[in-house]
$ cat coords_13.pdb   # PDB, C-alpha atoms
ATOM      1  CA  MET A1405       1.012  25.897 -12.183
ATOM      2  CA  LEU A1406      -1.180  28.391 -10.405
ATOM      3  CA  ALA A1407      -3.439  27.294  -7.552
ATOM      4  CA  TYR A1408      -6.262  28.931  -5.595
ATOM      5  CA  ARG A1409      -3.744  30.786  -3.402
ATOM      6  CA  ASP A1410      -2.720  32.661  -6.586
ATOM      7  CA  ALA A1411      -6.270  33.965  -7.153
ATOM      8  CA  LYS A1412      -5.373  37.660  -6.855
ATOM      9  CA  THR A1413      -2.529  37.267  -9.352
ATOM     10  CA  MET A1414      -4.880  35.436 -11.692
ATOM     11  CA  ALA A1415      -7.511  38.188 -11.369
ATOM     12  CA  LYS A1416      -4.940  40.884 -12.174
ATOM     13  CA  ALA A1417      -3.653  38.936 -15.191
ATOM     14  CA  MET A1418      -7.222  38.539 -16.458
ATOM     15  CA  ARG A1419      -7.934  42.274 -16.043
ATOM     16  CA  ASP A1420      -4.709  43.120 -17.902
ATOM     17  CA  ALA A1421      -5.501  40.695 -20.745
ATOM     18  CA  LEU A1422      -9.036  42.109 -21.082
ATOM     19  CA  ALA A1423      -7.741  45.690 -20.975
ATOM     20  CA  ASP A1424      -5.472  44.856 -23.943
ATOM     21  CA  ARG A1425      -8.733  44.117 -25.806
ATOM     22  CA  ASP A1426     -10.399  47.325 -24.601
ATOM     23  CA  LEU A1427     -12.592  45.465 -22.106
ATOM     24  CA  THR A1428     -12.701  46.748 -18.561
ATOM     25  CA  ILE A1429     -13.868  44.924 -15.473
ATOM     26  CA  SER A1430     -13.357  45.801 -11.835
ATOM     27  CA  HIS A1431     -10.919  43.943  -9.645
ATOM     28  CA  SER A1432     -13.798  42.538  -7.586
ATOM     29  CA  GLU A1433     -15.515  41.272 -10.762
ATOM     30  CA  ALA A1434     -12.272  39.549 -11.757
ATOM     31  CA  LEU A1435     -12.007  37.940  -8.316
ATOM     32  CA  GLU A1436     -15.598  36.664  -8.595
ATOM     33  CA  ILE A1437     -14.796  35.107 -12.003
ATOM     34  CA  VAL A1438     -11.652  33.429 -10.633
ATOM     35  CA  ALA A1439     -13.659  32.016  -7.708
ATOM     36  CA  ARG A1440     -16.156  30.487 -10.153
ATOM     37  CA  GLN A1441     -13.262  29.021 -12.173
ATOM     38  CA  PHE A1442     -12.280  27.126  -9.013
ATOM     39  CA  GLY A1443     -15.852  25.848  -8.716
ATOM     40  CA  LEU A1444     -16.796  28.094  -5.805
ATOM     41  CA  ALA A1445     -19.897  30.277  -5.571
ATOM     42  CA  ASN A1446     -18.129  33.576  -4.897
ATOM     43  CA  TRP A1447     -14.966  35.400  -3.891
ATOM     44  CA  ASN A1448     -15.842  35.344  -0.171
ATOM     45  CA  ILE A1449     -15.687  31.545  -0.136
ATOM     46  CA  LEU A1450     -12.406  31.483  -2.059
ATOM     47  CA  SER A1451     -10.957  34.182   0.178
ATOM     48  CA  ALA A1452     -11.766  32.124   3.278
ATOM     49  CA  LYS A1453     -10.080  29.119   1.695
ATOM     50  CA  ILE A1454      -6.973  31.187   0.935
ATOM     51  CA  GLU A1455      -6.815  32.523   4.491
ATOM     52  CA  ALA A1456      -7.218  29.082   6.060
ATOM     53  CA  PRO A1457      -3.974  27.679   7.442
ATOM     54  CA  LEU A1458      -2.207  25.171   5.251
ATOM     55  CA  ALA A1459      -3.081  21.616   6.164
ATOM     56  CA  ARG A1460      -0.658  20.244   8.680
ATOM     57  CA  GLN A1461       1.732  17.838   7.031
ATOM     58  CA  GLU A1462       1.438  14.303   8.343
ATOM     59  CA  THR A1463       4.391  13.497  10.564
ATOM     60  CA  VAL A1464       3.506   9.872  11.216
ATOM     61  CA  ILE A1465       4.336   7.791   8.155
ATOM     62  CA  PHE A1466       4.105   4.014   8.110
ATOM     63  CA  GLU A1467       6.685   2.645   5.700
ATOM     64  CA  ARG A1468       6.491  -1.139   5.801
ATOM     65  CA  THR A1469       4.764  -3.936   7.694
ATOM     66  CA  ALA A1470       6.556  -7.098   8.758
ATOM     67  CA  PRO A1471       4.147  -9.551  10.383
ATOM     68  CA  ILE A1472       5.705 -12.158  12.644
ATOM     69  CA  VAL A1473       4.792 -15.711  11.673
ATOM     70  CA  ARG A1474       5.293 -18.555  14.147
ATOM     71  CA  ILE A1475       7.253 -21.528  12.819
ATOM     72  CA  PHE A1476       8.372 -24.781  14.477
ATOM     73  CA  ASP A1477      10.764 -26.315  11.948
ATOM     74  CA  VAL A1478      13.317 -24.291   9.975
ATOM     75  CA  ALA A1479      13.661 -26.846   7.150
ATOM     76  CA  LYS A1480       9.885 -26.955   6.608
ATOM     77  CA  ALA A1481       9.671 -23.165   6.795
ATOM     78  CA  HIS A1482      12.426 -22.794   4.205
ATOM     79  CA  GLU A1483      10.802 -25.369   1.924
ATOM     80  CA  PHE A1484       7.524 -23.443   2.054
ATOM     81  CA  TYR A1485       8.580 -19.772   2.171
ATOM     82  CA  LEU A1486      11.757 -19.973   0.097
ATOM     83  CA  GLY A1487      11.101 -22.934  -2.179
ATOM     84  CA  PHE A1488       7.353 -22.670  -2.767
ATOM     85  CA  LEU A1489       6.549 -18.961  -2.318
ATOM     86  CA  GLY A1490       9.864 -17.679  -3.687
ATOM     87  CA  PHE A1491      11.022 -15.564  -0.743
ATOM     88  CA  THR A1492      14.680 -14.964   0.043
ATOM     89  CA  VAL A1493      16.347 -14.770   3.448
ATOM     90  CA  ASP A1494      17.349 -11.192   4.311
ATOM     91  CA  TRP A1495      18.905 -12.003   7.659
ATOM     92  CA  GLU A1496      18.853 -14.571  10.457
ATOM     93  CA  HIS A1497      19.299 -14.106  14.174
ATOM     94  CA  ARG A1498      20.190 -17.073  16.332
ATOM     95  CA  HIS A1499      22.683 -17.711  19.106
ATOM     96  CA  GLY A1500      23.848 -21.324  19.312
ATOM     97  CA  ASP A1501      20.906 -23.620  19.935
ATOM     98  CA  PHE A1502      18.444 -20.795  20.574
ATOM     99  CA  PRO A1503      15.329 -20.511  18.384
ATOM    100  CA  LEU A1504      15.614 -18.849  14.977
ATOM    101  CA  TYR A1505      14.315 -15.364  14.220
ATOM    102  CA  THR A1506      14.653 -14.438  10.544
ATOM    103  CA  GLN A1507      13.407 -12.008   7.948
ATOM    104  CA  VAL A1508      12.311 -13.233   4.526
ATOM    105  CA  SER A1509      11.081 -11.087   1.677
ATOM    106  CA  ARG A1510       9.831 -11.085  -1.850
ATOM    107  CA  GLY A1511       9.550  -7.686  -3.460
ATOM    108  CA  ASN A1512       7.874  -5.352  -0.976
ATOM    109  CA  LEU A1513       6.442  -8.195   1.105
ATOM    110  CA  VAL A1514       8.446  -8.764   4.291
ATOM    111  CA  LEU A1515       7.754 -11.443   6.891
ATOM    112  CA  HIS A1516       9.511 -12.286  10.129
ATOM    113  CA  LEU A1517       9.599 -16.009  10.852
ATOM    114  CA  SER A1518      10.127 -16.945  14.472
ATOM    115  CA  GLU A1519      10.627 -20.129  16.455
ATOM    116  CA  HIS A1520      10.263 -18.107  19.675
ATOM    117  CA  ALA A1521       7.161 -19.216  21.586
ATOM    118  CA  GLY A1522       6.048 -15.736  22.608
ATOM    119  CA  ASP A1523       6.359 -14.010  19.231
ATOM    120  CA  ALA A1524       3.200 -15.128  17.458
ATOM    121  CA  THR A1525       0.369 -17.614  17.630
ATOM    122  CA  PRO A1526       0.344 -20.513  15.182
ATOM    123  CA  GLY A1527      -2.671 -20.574  12.901
ATOM    124  CA  GLY A1528      -2.716 -16.833  12.249
ATOM    125  CA  ASN A1529      -4.210 -15.161   9.183
ATOM    126  CA  MET A1530      -3.007 -12.328   7.009
ATOM    127  CA  VAL A1531      -4.090 -10.648   3.781
ATOM    128  CA  VAL A1532      -1.450  -9.492   1.302
ATOM    129  CA  TYR A1533      -2.685  -7.092  -1.389
ATOM    130  CA  MET A1534      -0.812  -7.464  -4.652
ATOM    131  CA  LYS A1535      -0.826  -7.057  -8.427
ATOM    132  CA  GLY A1536      -0.189  -9.884 -10.882
ATOM    133  CA  ILE A1537      -2.000 -12.579  -8.943
ATOM    134  CA  ARG A1538      -2.805 -14.672 -12.025
ATOM    135  CA  ASP A1539       0.926 -14.946 -12.821
ATOM    136  CA  PHE A1540       1.658 -15.679  -9.157
ATOM    137  CA  HIS A1541      -0.947 -18.465  -9.140
ATOM    138  CA  GLU A1542       0.526 -19.926 -12.325
ATOM    139  CA  GLU A1543       4.008 -19.788 -10.767
ATOM    140  CA  LEU A1544       2.840 -21.658  -7.653
ATOM    141  CA  ALA A1545       1.003 -24.276  -9.727
ATOM    142  CA  GLY A1546       4.173 -24.868 -11.744
ATOM    143  CA  LYS A1547       6.218 -25.672  -8.639
ATOM    144  CA  ASP A1548       4.238 -28.822  -7.897
ATOM    145  CA  TYR A1549       4.587 -28.366  -4.124
ATOM    146  CA  ARG A1550       3.469 -31.695  -2.728
ATOM    147  CA  TYR A1551       1.607 -30.280   0.275
ATOM    148  CA  MET A1552      -0.517 -27.659  -1.445
ATOM    149  CA  LYS A1553      -2.247 -26.887  -4.733
ATOM    150  CA  PRO A1554      -3.845 -23.475  -4.145
ATOM    151  CA  GLY A1555      -6.696 -22.367  -6.345
ATOM    152  CA  LEU A1556      -7.534 -18.945  -7.733
ATOM    153  CA  GLU A1557     -10.843 -17.654  -6.370
ATOM    154  CA  ASP A1558     -12.719 -14.864  -8.152
ATOM    155  CA  GLU A1559     -15.314 -13.277  -5.895
ATOM    156  CA  ASP A1560     -16.840  -9.822  -5.472
ATOM    157  CA  GLY A1561     -14.195  -7.909  -7.423
ATOM    158  CA  ARG A1562     -11.170  -9.615  -5.972
ATOM    159  CA  LEU A1563      -8.950 -12.505  -6.968
ATOM    160  CA  THR A1564      -7.569 -14.565  -4.098
ATOM    161  CA  VAL A1565      -4.925 -17.262  -3.747
ATOM    162  CA  GLU A1566      -4.863 -18.697  -0.233
ATOM    163  CA  VAL A1567      -1.963 -20.742   1.074
ATOM    164  CA  ILE A1568      -1.444 -22.431   4.425
ATOM    165  CA  ASP A1569       2.084 -22.921   5.699
ATOM    166  CA  PRO A1570       3.213 -26.100   7.513
ATOM    167  CA  PHE A1571       2.362 -24.423  10.828
ATOM    168  CA  SER A1572      -1.296 -23.616   9.959
ATOM    169  CA  ASN A1573      -0.658 -19.938   9.205
ATOM    170  CA  HIS A1574      -2.939 -18.698   6.408
ATOM    171  CA  ILE A1575      -1.847 -16.122   3.836
ATOM    172  CA  ARG A1576      -4.476 -14.724   1.469
ATOM    173  CA  PHE A1577      -2.830 -13.090  -1.523
ATOM    174  CA  MET A1578      -5.454 -10.746  -2.931
ATOM    175  CA  GLU A1579      -5.767  -8.526  -5.989
ATOM    176  CA  ILE A1580      -8.648  -6.072  -6.180
ATOM    177  CA  THR A1581     -10.049  -6.173  -9.716
ATOM    178  CA  GLY A1582     -13.141  -4.032  -9.240
ATOM    179  CA  GLU A1583     -15.080  -6.198 -11.691
TER     180      GLU A1583
END

$ encode --input "coords_13.pdb" --output "structure tokens"
Amino acid sequence: MLAYRDAKTMAKAMRDALADRDLTISHSEALEIVARQFGLANWNILSAKIEAPLARQETVIFERTAPIVRIFDVAKAHEFYLGFLGFTVDWEHRHGDFPLYTQVSRGNLVLHLSEHAGDATPGGNMVVYMKGIRDFHEELAGKDYRYMKPGLEDEDGRLTVEVIDPFSNHIRFMEITGE
């Protein structure tokens, strides 16, 4: 597909097609028409756009976020994150009796759970943007988790299910509906 950098080629093709129909326009007239086809006022503006350096490609790319969540009891953390929320353990790091550091995930959502005192503050908050929140809410309600019965809030174009883990960490699962 041709783009604005192909304007001169487009102008020549237009002149050739018109000449086949015994219509003649100058090259500059063709360039002016092409500029207007791109929504610009004239060829000078399009020419400046063509001569501008290509936008520098972004070299810094963030691929995934893995918030660290402070936990105090592995069994309670597993009951909540694995049993209730449906995460799976990706890996665990622990030497002997040292505190646990583990990664859990569900789909593209990755969390690091840590018993290490300096890794995170209990009672933190996070927002997780998602799709399919109504199904997620129904899934959680069906698990009959004895410590929590989260609701589904509909406010200002977003649906929210908020859960609180056994260590007072809040997770707001949110779907933007735009309604």

$ residues_around --input "coords_13.pdb" --residues "Gly1582 of chain A" --least-positions-apart "3" --cutoff "9 Å" --atoms "all atoms listed in the file" --output "ChimeraX atom specification"
/A:1560-1562

$ resolve_selection --input "coords_13.pdb" --expression "the PyMOL selection byres ((chain A and resi 1474) around 10)" --output "list in words"
Pro1471, Ile1472, Val1473, Ile1475, Phe1476, Asp1477, Ala1481, Tyr1505, His1516, Leu1517, Ser1518, Glu1519, His1520, Ala1521, Gly1522, Asp1523, Ala1524, Thr1525, Pro1526, Gly1527, Gly1528, Phe1571, Ser1572 and Asn1573 of chain A

$ closest_residue --input "coords_13.pdb" --among "A:Val1532, A:Lys1453, A:His1541, A:Arg1468" --to "His1574 of chain A" --atoms "all atoms listed in the file"
A:Val1532

$ closest_residue --input "coords_13.pdb" --among "A:Ile1465, A:Leu1427, A:Ala1411, A:Met1530" --to "Arg1440 of chain A" --atoms "all atoms listed in the file"
A:Ala1411

$ residues_around --input "coords_13.pdb" --residues "segment 1437-1439 of chain A" --least-positions-apart "6" --cutoff "7 Å" --atoms "only C-alpha atoms" --output "PyMOL selection string"
chain A and resi 1411+1415+1445-1447+1450

$ write_last_selection --input "coords_13.pdb" --atoms "C-alpha atoms" --output "tab-separated table (two decimals), keeping the file's coordinate frame"
chain	number	residue	atom	x	y	z
A	1411	ALA	CA	-6.27	33.97	-7.15
A	1415	ALA	CA	-7.51	38.19	-11.37
A	1445	ALA	CA	-19.90	30.28	-5.57
A	1446	ASN	CA	-18.13	33.58	-4.90
A	1447	TRP	CA	-14.97	35.40	-3.89
A	1450	LEU	CA	-12.41	31.48	-2.06

$ closest_residue --input "coords_13.pdb" --among "A:Ile1429, A:Leu1513, A:Ala1407, A:Ala1423" --to "Ile1454 of chain A" --atoms "all atoms listed in the file"
A:Ala1407

$ closest_atom_pairs --input "coords_13.pdb" --of "segment 1409-1487 of chain A" --to "segment 1549-1555 of chain A" --cutoff "10 Å" --atoms "only C-alpha atoms" --output "JSON lines"
{"residue": "A:Glu1483", "atom": "CA", "partner": "A:Tyr1549", "partner_atom": "CA", "distance": 9.2}
{"residue": "A:Phe1484", "atom": "CA", "partner": "A:Tyr1549", "partner_atom": "CA", "distance": 8.4}
{"residue": "A:Gly1487", "atom": "CA", "partner": "A:Tyr1549", "partner_atom": "CA", "distance": 8.7}

$ closest_residue --input "coords_13.pdb" --among "A:Asn1512, A:Asn1529, A:Thr1506, A:Thr1564" --to "Asp1494 of chain A" --atoms "only C-alpha atoms"
A:Thr1506

$ residues_around --input "coords_13.pdb" --residues "Val1493 of chain A" --least-positions-apart "6" --cutoff "9 Å" --atoms "only C-alpha atoms" --output "PyMOL selection string"
chain A and resi 1482+1486+1506-1509

$ closest_residue --input "coords_13.pdb" --among "A:Thr1413, A:Glu1462, A:Tyr1485, A:Ala1452" --to "Val1567 of chain A" --atoms "all atoms listed in the file"
A:Tyr1485

$ residues_around --input "coords_13.pdb" --residues "Leu1556 of chain A" --least-positions-apart "6" --cutoff "12 Å" --atoms "only C-alpha atoms" --output "compact mmCIF listing (two decimals) with C-alpha atoms, keeping the file's coordinate frame"
# COMPACT_ATOMS: atom_id res chain seq x y z
CA ILE A 1537 -2.00 -12.58 -8.94
CA ARG A 1538 -2.80 -14.67 -12.02
CA ASP A 1539 0.93 -14.95 -12.82
CA PHE A 1540 1.66 -15.68 -9.16
CA HIS A 1541 -0.95 -18.46 -9.14
CA GLU A 1542 0.53 -19.93 -12.32
CA GLU A 1543 4.01 -19.79 -10.77
CA LEU A 1544 2.84 -21.66 -7.65
CA ALA A 1545 1.00 -24.28 -9.73
CA ARG A 1562 -11.17 -9.62 -5.97
CA LEU A 1563 -8.95 -12.50 -6.97
CA THR A 1564 -7.57 -14.56 -4.10
CA VAL A 1565 -4.92 -17.26 -3.75
CA GLU A 1566 -4.86 -18.70 -0.23
CA VAL A 1567 -1.96 -20.74 1.07
CA ARG A 1576 -4.48 -14.72 1.47
CA PHE A 1577 -2.83 -13.09 -1.52
CA MET A 1578 -5.45 -10.75 -2.93
CA GLU A 1579 -5.77 -8.53 -5.99

$ residues_around --input "coords_13.pdb" --residues "Lys1416 of chain A" --least-positions-apart "4" --cutoff "9 Å" --atoms "only C-alpha atoms" --output "ChimeraX atom specification"
/A:1411-1412,1420-1421,1431,1434-1435

$ write_last_selection --input "coords_13.pdb" --atoms "C-alpha atoms" --output "PDB file, in the coordinates of the input"
ATOM      1  CA  ALA A1411      -6.270  33.965  -7.153  1.00  0.00           C
ATOM      2  CA  LYS A1412      -5.373  37.660  -6.855  1.00  0.00           C
ATOM      3  CA  ASP A1420      -4.709  43.120 -17.902  1.00  0.00           C
ATOM      4  CA  ALA A1421      -5.501  40.695 -20.745  1.00  0.00           C
ATOM      5  CA  HIS A1431     -10.919  43.943  -9.645  1.00  0.00           C
ATOM      6  CA  ALA A1434     -12.272  39.549 -11.757  1.00  0.00           C
ATOM      7  CA  LEU A1435     -12.007  37.940  -8.316  1.00  0.00           C
TER       8      LEU A1435
END

$ closest_residue --input "coords_13.pdb" --among "A:Ile1575, A:Ile1580, A:Met1414, A:Ala1470" --to "Asp1558 of chain A" --atoms "all atoms listed in the file"
A:Ile1580

$ atom_distance --input "coords_13.pdb" --atom1 "atom CA of Val1514 of chain A" --atom2 "atom CA of Val1464 of chain A"
20.5 Å

$ atom_distance --input "coords_13.pdb" --atom1 "atom CA of Pro1503 of chain A" --atom2 "atom CA of Lys1547 of chain A"
29.0 Å

$ atom_distance --input "coords_13.pdb" --atom1 "atom CA of Pro1457 of chain A" --atom2 "atom CA of Asp1410 of chain A"
14.9 Å
